[in-house]
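Worksheet: one structure, shown below.
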Amino acid sequence: MSHPRITFIAIAVACALGGTAEATTIIQVCPTCTLNTIQKGIDAANPADTPVIQIAPGVYNEDVHVSGKGLTLQAVPGTAELRGTGSGPAVTLGTGGGATFPVTIIGLTISNGRALTIGIGSGGGISVIPGAILHLKSSIVQNNQAFNGGGISVFTPRSPANTIEDSIISNNQAVDGAGILIQSAVVTITNTDVTHNVGTPTFGDARGGGVFVGGNGDLRLNHVTVSHNSALEGGGIYAENDALNTDIRRSTISENTFLNTCNGPVGCKPGLGIGAFLASSFTIADSTIAHNTGSSPVSLFGGGLYIEPNGTMSIDQATVGYNNTVDASLNDVKTGKVLGGGGGIAIVNTNGSPTRVTLSDVFVINNAASPSQAGGIDNSNSGQMLLNDVTIKDNTGDNCRGAGCR
């Protein structure tokens, strides 16, 4: 796993002259200060002063809410932890409507959020709702739980882009979007690790162990590692068919898994898209999708990438390698077909809804499926596939099957 750069941003404070307040006001929070909780610092902030709340080292056991004001929460990275009470999101940003205010969080560890109420439980660590924009920097969001969006949930329709940079999102749990859930929002993620998050099928299918994007969401990844996450569909990334766009550049999707013990409410079912489940407009450039895998006894489609009908995929200068669909011993109960196709890439084209896939300067190598299936690319349902300077070799099972193979 890569390690994001953790930085500390110092803020110079000038003295006020003649009773005139400086544009930036520093508010000190520490365990022994008068303002001994982060929420007290937030409540004391005057949004007209561009407030910066400096958080001293320590553990702060509380849930905080920033509503109707823009400010910065700044800690020395690695030394201050906001540990939620377990009765809701550890951090809630926004009012639910009205004017939109940016909230920047720097250097803070956020943990122990619990937002498990069905229907409204979104964002165990950080919940961003209308009225706020999140800028998360050099921070860690870990060990949180939610119905959706275990680490972070972002729902900010018609607002500017939220940003996550130089951060770690790890060991969170949820049904959808165990690491990050994006709905009706633009989110740009850079220089960040999304790792070891687990989709939990407590109430249904678990989708997007690392990241879930849907509901007119727009996801942009640059220099991001999505690894060691698990779910029933999209162990690494799940892009729903109503997502506007997903753009992955200079990133790695690796070692994500499909885990199904067959004991949950959904029973045994085939896994789909262990690296990424793609049902929207999707671009991958200068990236690697590798070592994603499933687990017995359940078969699956698309060890690296699974592309649904109506999906539009462009892959340029990428490697899809060493992914596999493990056990292909089961049949689809509806069609009777053997499962387990597309160790590297599975392309689906059904109900007259074409899937359009273009691969340019791509290596599809050393992926595995059942010997009776396509280990490299499975396009047996005749999606629209165009290959430009593509190497497909050394895959277990057929290297490529279906329309567009050569």
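Identifiers for the structure tokens are assigned positionally: chains receive A, B, ... in sequence, residues are indexed from 1 per chain, and ligands are indexed from 1 in the order shown.
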
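Taking only C-alpha atoms, the non-local environment of A:Gly275 within 7 Å (same-chain residues fewer than 2 positions away omitted) comprises Gly234, Gly235, Gly236, Ile237, Ile253, Ser254, Asn256, Gly273, Ile289, Asn292, Gly303, Gly304 and Leu305 of chain A.
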
For those residues, write C-alpha atoms to a file as a short mmCIF file (atom, residue, chain, number, x, y, z; two decimals), in the first residue's frame.
```
data_model
loop_
_atom_site.label_atom_id
_atom_site.label_comp_id
_atom_site.auth_asym_id
_atom_site.auth_seq_id
_atom_site.Cartn_x
_atom_site.Cartn_y
_atom_site.Cartn_z
CA GLY A 234 -17.48 -4.01 -7.02
CA GLY A 235 -15.06 -5.01 -4.30
CA GLY A 236 -12.93 -1.97 -5.15
CA ILE A 237 -15.26 0.46 -6.97
CA ILE A 253 -7.09 -0.95 -8.15
CA SER A 254 -5.63 -4.06 -6.57
CA ASN A 256 -9.87 -6.33 -3.77
CA GLY A 273 -16.65 -6.79 -10.93
CA ILE A 289 -6.08 -3.20 -12.22
CA ASN A 292 -8.29 -8.75 -7.63
CA GLY A 303 -12.25 -10.43 -11.75
CA GLY A 304 -10.72 -7.11 -12.80
CA LEU A 305 -13.56 -5.19 -14.46
#
```

Per DSSP on the backbone, what are the strand (DSSP E) residues of stretch 43-283 of chain A, as a PyMOL selection string?
chain A and resi 52-55+58-61+64-66+71-75+80-83+91-93+101-106+109-111+114-115+126-128+132-137+140-142+145-146+152-154+162-165+168-170+173-174+180-183+186-195+198-199+211-214+218-227+230-231+237-239+245-249+252-254+257-258+271-272+276-278+281-283

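Look at A:Ser287: the protein and nucleic acid residues within 10 Å of it, using only C-alpha atoms and passing over chain neighbours fewer than 4 places away, are Asn222, His223, Val224, Thr225, Ile248, Arg249, Arg250, Ser251, Thr252, Ile253, Ile315, Asp316, Gln317, Ala318, Thr319, Val320 and Val362 of chain A.
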
Residue neighbourhood A:Ser87, 10 Å, only C-alpha atoms, exclusion window fewer than 2 positions, as JSON, numbers by chain:
{"A": [62, 63, 84, 85, 89, 90, 112, 113, 114, 115, 116, 117, 124]}

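Near A:Asn388, within 9 Å and counting only C-alpha atoms, sit A:Thr358, A:Leu359, A:Ser360, A:Asp361, A:Val362; same-chain residues fewer than 4 positions away were not included.
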
Kindly export the residues of the current selection with N, CA and C atoms, as a tab-separated table (two decimals), in the first residue's frame.
```
chain	number	residue	atom	x	y	z
A	358	THR	N	-13.72	0.67	-25.44
A	358	THR	CA	-12.55	0.92	-26.28
A	358	THR	C	-11.30	0.75	-25.43
A	359	LEU	N	-10.40	-0.13	-25.88
A	359	LEU	CA	-9.13	-0.35	-25.19
A	359	LEU	C	-8.01	0.07	-26.12
A	360	SER	N	-7.12	0.93	-25.62
A	360	SER	CA	-5.99	1.41	-26.41
A	360	SER	C	-4.71	1.32	-25.58
A	361	ASP	N	-3.70	0.65	-26.15
A	361	ASP	CA	-2.42	0.51	-25.46
A	361	ASP	C	-2.62	-0.12	-24.08
A	362	VAL	N	-3.25	-1.29	-24.07
A	362	VAL	CA	-3.61	-1.97	-22.84
A	362	VAL	C	-3.03	-3.38	-22.85
```

Point out the residue among A:Ala368, A:Ala279, A:Val194, A:Val59 with the least atom-to-atom distance to A:Thr355, counting only C-alpha atoms.
A:Ala279

Could you list, as a PDB file with N, CA and C atoms, in the first residue's frame, every residue within 12 Å of stretch 398-405 of chain A, counting only C-alpha atoms and ignoring same-chain residues fewer than 6 positions away?
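So selection-v8.pdb came out as:
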```pdb
ATOM      1  N   GLY A 321      -4.163  -7.191 -15.057  1.00  0.00           N
ATOM      2  CA  GLY A 321      -3.393  -8.412 -14.930  1.00  0.00           C
ATOM      3  C   GLY A 321      -3.531  -9.111 -13.601  1.00  0.00           C
ATOM      4  N   GLY A 341     -16.816 -16.185 -15.957  1.00  0.00           N
ATOM      5  CA  GLY A 341     -16.132 -15.655 -17.127  1.00  0.00           C
ATOM      6  C   GLY A 341     -15.474 -14.316 -16.873  1.00  0.00           C
ATOM      7  N   GLY A 342     -14.480 -13.998 -17.745  1.00  0.00           N
ATOM      8  CA  GLY A 342     -13.848 -12.693 -17.683  1.00  0.00           C
ATOM      9  C   GLY A 342     -12.943 -12.519 -16.498  1.00  0.00           C
ATOM     10  N   GLY A 343     -11.889 -13.349 -16.425  1.00  0.00           N
ATOM     11  CA  GLY A 343     -10.958 -13.179 -15.321  1.00  0.00           C
ATOM     12  C   GLY A 343     -10.390 -11.774 -15.274  1.00  0.00           C
ATOM     13  N   GLY A 344     -10.104 -11.209 -16.455  1.00  0.00           N
ATOM     14  CA  GLY A 344      -9.634  -9.834 -16.519  1.00  0.00           C
ATOM     15  C   GLY A 344     -10.772  -8.848 -16.671  1.00  0.00           C
ATOM     16  N   ILE A 345     -11.559  -9.015 -17.756  1.00  0.00           N
ATOM     17  CA  ILE A 345     -12.647  -8.081 -18.069  1.00  0.00           C
ATOM     18  C   ILE A 345     -13.859  -8.877 -18.533  1.00  0.00           C
ATOM     19  N   ALA A 346     -15.025  -8.602 -17.967  1.00  0.00           N
ATOM     20  CA  ALA A 346     -16.286  -9.166 -18.431  1.00  0.00           C
ATOM     21  C   ALA A 346     -17.164  -8.046 -18.969  1.00  0.00           C
ATOM     22  N   ILE A 347     -17.652  -8.215 -20.210  1.00  0.00           N
ATOM     23  CA  ILE A 347     -18.483  -7.203 -20.856  1.00  0.00           C
ATOM     24  C   ILE A 347     -19.872  -7.796 -21.068  1.00  0.00           C
ATOM     25  N   VAL A 348     -20.895  -7.113 -20.580  1.00  0.00           N
ATOM     26  CA  VAL A 348     -22.260  -7.617 -20.647  1.00  0.00           C
ATOM     27  C   VAL A 348     -23.069  -6.761 -21.606  1.00  0.00           C
ATOM     28  N   ASN A 349     -23.885  -7.424 -22.457  1.00  0.00           N
ATOM     29  CA  ASN A 349     -24.714  -6.719 -23.422  1.00  0.00           C
ATOM     30  C   ASN A 349     -26.042  -7.453 -23.506  1.00  0.00           C
ATOM     31  N   THR A 355     -23.185  -2.251 -24.782  1.00  0.00           N
ATOM     32  CA  THR A 355     -22.056  -1.821 -23.984  1.00  0.00           C
ATOM     33  C   THR A 355     -20.938  -1.433 -24.932  1.00  0.00           C
ATOM     34  N   ARG A 356     -20.352  -0.265 -24.766  1.00  0.00           N
ATOM     35  CA  ARG A 356     -19.331   0.241 -25.689  1.00  0.00           C
ATOM     36  C   ARG A 356     -18.006   0.357 -24.959  1.00  0.00           C
ATOM     37  N   VAL A 357     -17.033  -0.416 -25.422  1.00  0.00           N
ATOM     38  CA  VAL A 357     -15.747  -0.483 -24.743  1.00  0.00           C
ATOM     39  C   VAL A 357     -14.629  -0.257 -25.755  1.00  0.00           C
ATOM     40  N   THR A 358     -13.723   0.672 -25.440  1.00  0.00           N
ATOM     41  CA  THR A 358     -12.546   0.924 -26.279  1.00  0.00           C
ATOM     42  C   THR A 358     -11.296   0.749 -25.428  1.00  0.00           C
ATOM     43  N   LEU A 359     -10.402  -0.130 -25.882  1.00  0.00           N
ATOM     44  CA  LEU A 359      -9.132  -0.351 -25.193  1.00  0.00           C
ATOM     45  C   LEU A 359      -8.008   0.068 -26.120  1.00  0.00           C
ATOM     46  N   PHE A 363      -2.532  -3.826 -21.698  1.00  0.00           N
ATOM     47  CA  PHE A 363      -2.085  -5.197 -21.501  1.00  0.00           C
ATOM     48  C   PHE A 363      -3.128  -5.932 -20.661  1.00  0.00           C
ATOM     49  N   VAL A 364      -3.661  -7.036 -21.194  1.00  0.00           N
ATOM     50  CA  VAL A 364      -4.569  -7.916 -20.459  1.00  0.00           C
ATOM     51  C   VAL A 364      -3.847  -9.245 -20.320  1.00  0.00           C
ATOM     52  N   ILE A 365      -3.209  -9.465 -19.189  1.00  0.00           N
ATOM     53  CA  ILE A 365      -2.253 -10.574 -19.076  1.00  0.00           C
ATOM     54  C   ILE A 365      -2.413 -11.327 -17.762  1.00  0.00           C
ATOM     55  N   ASN A 366      -2.202 -12.647 -17.840  1.00  0.00           N
ATOM     56  CA  ASN A 366      -2.112 -13.497 -16.649  1.00  0.00           C
ATOM     57  C   ASN A 366      -3.347 -13.449 -15.766  1.00  0.00           C
ATOM     58  N   ASN A 367      -4.514 -13.242 -16.376  1.00  0.00           N
ATOM     59  CA  ASN A 367      -5.761 -13.349 -15.636  1.00  0.00           C
ATOM     60  C   ASN A 367      -6.271 -14.782 -15.735  1.00  0.00           C
ATOM     61  N   ALA A 368      -7.178 -15.175 -14.852  1.00  0.00           N
ATOM     62  CA  ALA A 368      -7.603 -16.566 -14.820  1.00  0.00           C
ATOM     63  C   ALA A 368      -9.108 -16.695 -14.644  1.00  0.00           C
ATOM     64  N   ALA A 369      -9.660 -17.691 -15.370  1.00  0.00           N
ATOM     65  CA  ALA A 369     -11.042 -18.115 -15.208  1.00  0.00           C
ATOM     66  C   ALA A 369     -11.073 -19.619 -15.394  1.00  0.00           C
ATOM     67  N   SER A 370     -12.249 -20.198 -15.329  1.00  0.00           N
ATOM     68  CA  SER A 370     -12.374 -21.610 -15.636  1.00  0.00           C
ATOM     69  C   SER A 370     -11.839 -21.877 -17.031  1.00  0.00           C
ATOM     70  N   PRO A 371     -11.211 -23.050 -17.269  1.00  0.00           N
ATOM     71  CA  PRO A 371     -10.707 -23.354 -18.614  1.00  0.00           C
ATOM     72  C   PRO A 371     -11.781 -23.291 -19.698  1.00  0.00           C
ATOM     73  N   SER A 372     -13.044 -23.453 -19.312  1.00  0.00           N
ATOM     74  CA  SER A 372     -14.121 -23.377 -20.308  1.00  0.00           C
ATOM     75  C   SER A 372     -14.601 -21.961 -20.543  1.00  0.00           C
ATOM     76  N   GLN A 373     -14.024 -21.008 -19.844  1.00  0.00           N
ATOM     77  CA  GLN A 373     -14.452 -19.618 -19.939  1.00  0.00           C
ATOM     78  C   GLN A 373     -13.310 -18.751 -20.472  1.00  0.00           C
ATOM     79  N   ALA A 374     -13.553 -17.464 -20.604  1.00  0.00           N
ATOM     80  CA  ALA A 374     -12.540 -16.520 -21.089  1.00  0.00           C
ATOM     81  C   ALA A 374     -11.780 -15.952 -19.905  1.00  0.00           C
ATOM     82  N   GLY A 375     -10.485 -16.258 -19.848  1.00  0.00           N
ATOM     83  CA  GLY A 375      -9.681 -15.753 -18.748  1.00  0.00           C
ATOM     84  C   GLY A 375      -9.272 -14.308 -18.918  1.00  0.00           C
ATOM     85  N   GLY A 376      -9.099 -13.845 -20.176  1.00  0.00           N
ATOM     86  CA  GLY A 376      -8.678 -12.474 -20.424  1.00  0.00           C
ATOM     87  C   GLY A 376      -9.847 -11.529 -20.523  1.00  0.00           C
ATOM     88  N   ILE A 377     -10.555 -11.559 -21.679  1.00  0.00           N
ATOM     89  CA  ILE A 377     -11.732 -10.713 -21.905  1.00  0.00           C
ATOM     90  C   ILE A 377     -12.895 -11.604 -22.325  1.00  0.00           C
ATOM     91  N   ASP A 378     -14.012 -11.500 -21.629  1.00  0.00           N
ATOM     92  CA  ASP A 378     -15.230 -12.214 -21.985  1.00  0.00           C
ATOM     93  C   ASP A 378     -16.229 -11.221 -22.568  1.00  0.00           C
ATOM     94  N   ASN A 379     -16.371 -11.251 -23.899  1.00  0.00           N
ATOM     95  CA  ASN A 379     -17.358 -10.422 -24.582  1.00  0.00           C
ATOM     96  C   ASN A 379     -18.333 -11.325 -25.333  1.00  0.00           C
ATOM     97  N   SER A 380     -18.653 -12.464 -24.717  1.00  0.00           N
ATOM     98  CA  SER A 380     -19.488 -13.452 -25.396  1.00  0.00           C
ATOM     99  C   SER A 380     -20.911 -12.976 -25.616  1.00  0.00           C
ATOM    100  N   ASN A 381     -21.333 -11.921 -24.918  1.00  0.00           N
ATOM    101  CA  ASN A 381     -22.659 -11.348 -25.143  1.00  0.00           C
ATOM    102  C   ASN A 381     -22.657 -10.263 -26.203  1.00  0.00           C
ATOM    103  N   SER A 382     -21.523 -10.132 -26.921  1.00  0.00           N
ATOM    104  CA  SER A 382     -21.426  -9.255 -28.099  1.00  0.00           C
ATOM    105  C   SER A 382     -21.631  -7.785 -27.783  1.00  0.00           C
ATOM    106  N   GLY A 383     -20.929  -7.303 -26.790  1.00  0.00           N
ATOM    107  CA  GLY A 383     -20.871  -5.865 -26.596  1.00  0.00           C
ATOM    108  C   GLY A 383     -20.036  -5.224 -27.693  1.00  0.00           C
ATOM    109  N   GLN A 384     -20.103  -3.925 -27.795  1.00  0.00           N
ATOM    110  CA  GLN A 384     -19.343  -3.209 -28.822  1.00  0.00           C
ATOM    111  C   GLN A 384     -17.939  -2.947 -28.283  1.00  0.00           C
ATOM    112  N   MET A 385     -16.960  -3.714 -28.789  1.00  0.00           N
ATOM    113  CA  MET A 385     -15.603  -3.618 -28.275  1.00  0.00           C
ATOM    114  C   MET A 385     -14.638  -3.289 -29.405  1.00  0.00           C
ATOM    115  N   LEU A 386     -13.785  -2.297 -29.178  1.00  0.00           N
ATOM    116  CA  LEU A 386     -12.770  -1.888 -30.148  1.00  0.00           C
ATOM    117  C   LEU A 386     -11.407  -1.970 -29.476  1.00  0.00           C
ATOM    118  N   LEU A 387     -10.492  -2.722 -30.091  1.00  0.00           N
ATOM    119  CA  LEU A 387      -9.154  -2.911 -29.548  1.00  0.00           C
ATOM    120  C   LEU A 387      -8.129  -2.207 -30.416  1.00  0.00           C
ATOM    121  N   ASN A 388      -7.326  -1.326 -29.783  1.00  0.00           N
ATOM    122  CA  ASN A 388      -6.254  -0.621 -30.482  1.00  0.00           C
ATOM    123  C   ASN A 388      -4.940  -0.855 -29.737  1.00  0.00           C
ATOM    124  N   VAL A 390      -3.614  -3.602 -28.352  1.00  0.00           N
ATOM    125  CA  VAL A 390      -3.914  -4.299 -27.105  1.00  0.00           C
ATOM    126  C   VAL A 390      -3.220  -5.659 -27.106  1.00  0.00           C
ATOM    127  N   THR A 391      -2.557  -5.977 -26.013  1.00  0.00           N
ATOM    128  CA  THR A 391      -1.905  -7.278 -25.838  1.00  0.00           C
ATOM    129  C   THR A 391      -2.742  -8.118 -24.890  1.00  0.00           C
ATOM    130  N   ILE A 392      -3.203  -9.292 -25.374  1.00  0.00           N
ATOM    131  CA  ILE A 392      -4.003 -10.196 -24.549  1.00  0.00           C
ATOM    132  C   ILE A 392      -3.300 -11.550 -24.580  1.00  0.00           C
TER     133      ILE A 392
END
```

Compile the contact shell of A:Gly210 as a PyMOL selection string: residues with an atom at most 12 Å away, counting only C-alpha atoms, same-chain residues fewer than 2 positions apart removed.
chain A and resi 148-152+168-182+192-199+206-208+212-213+224-239+253-257+274-277

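If you look at atom CA of A:Leu221 and atom CA of A:Asn323, they are 21.0 Å away from each other.
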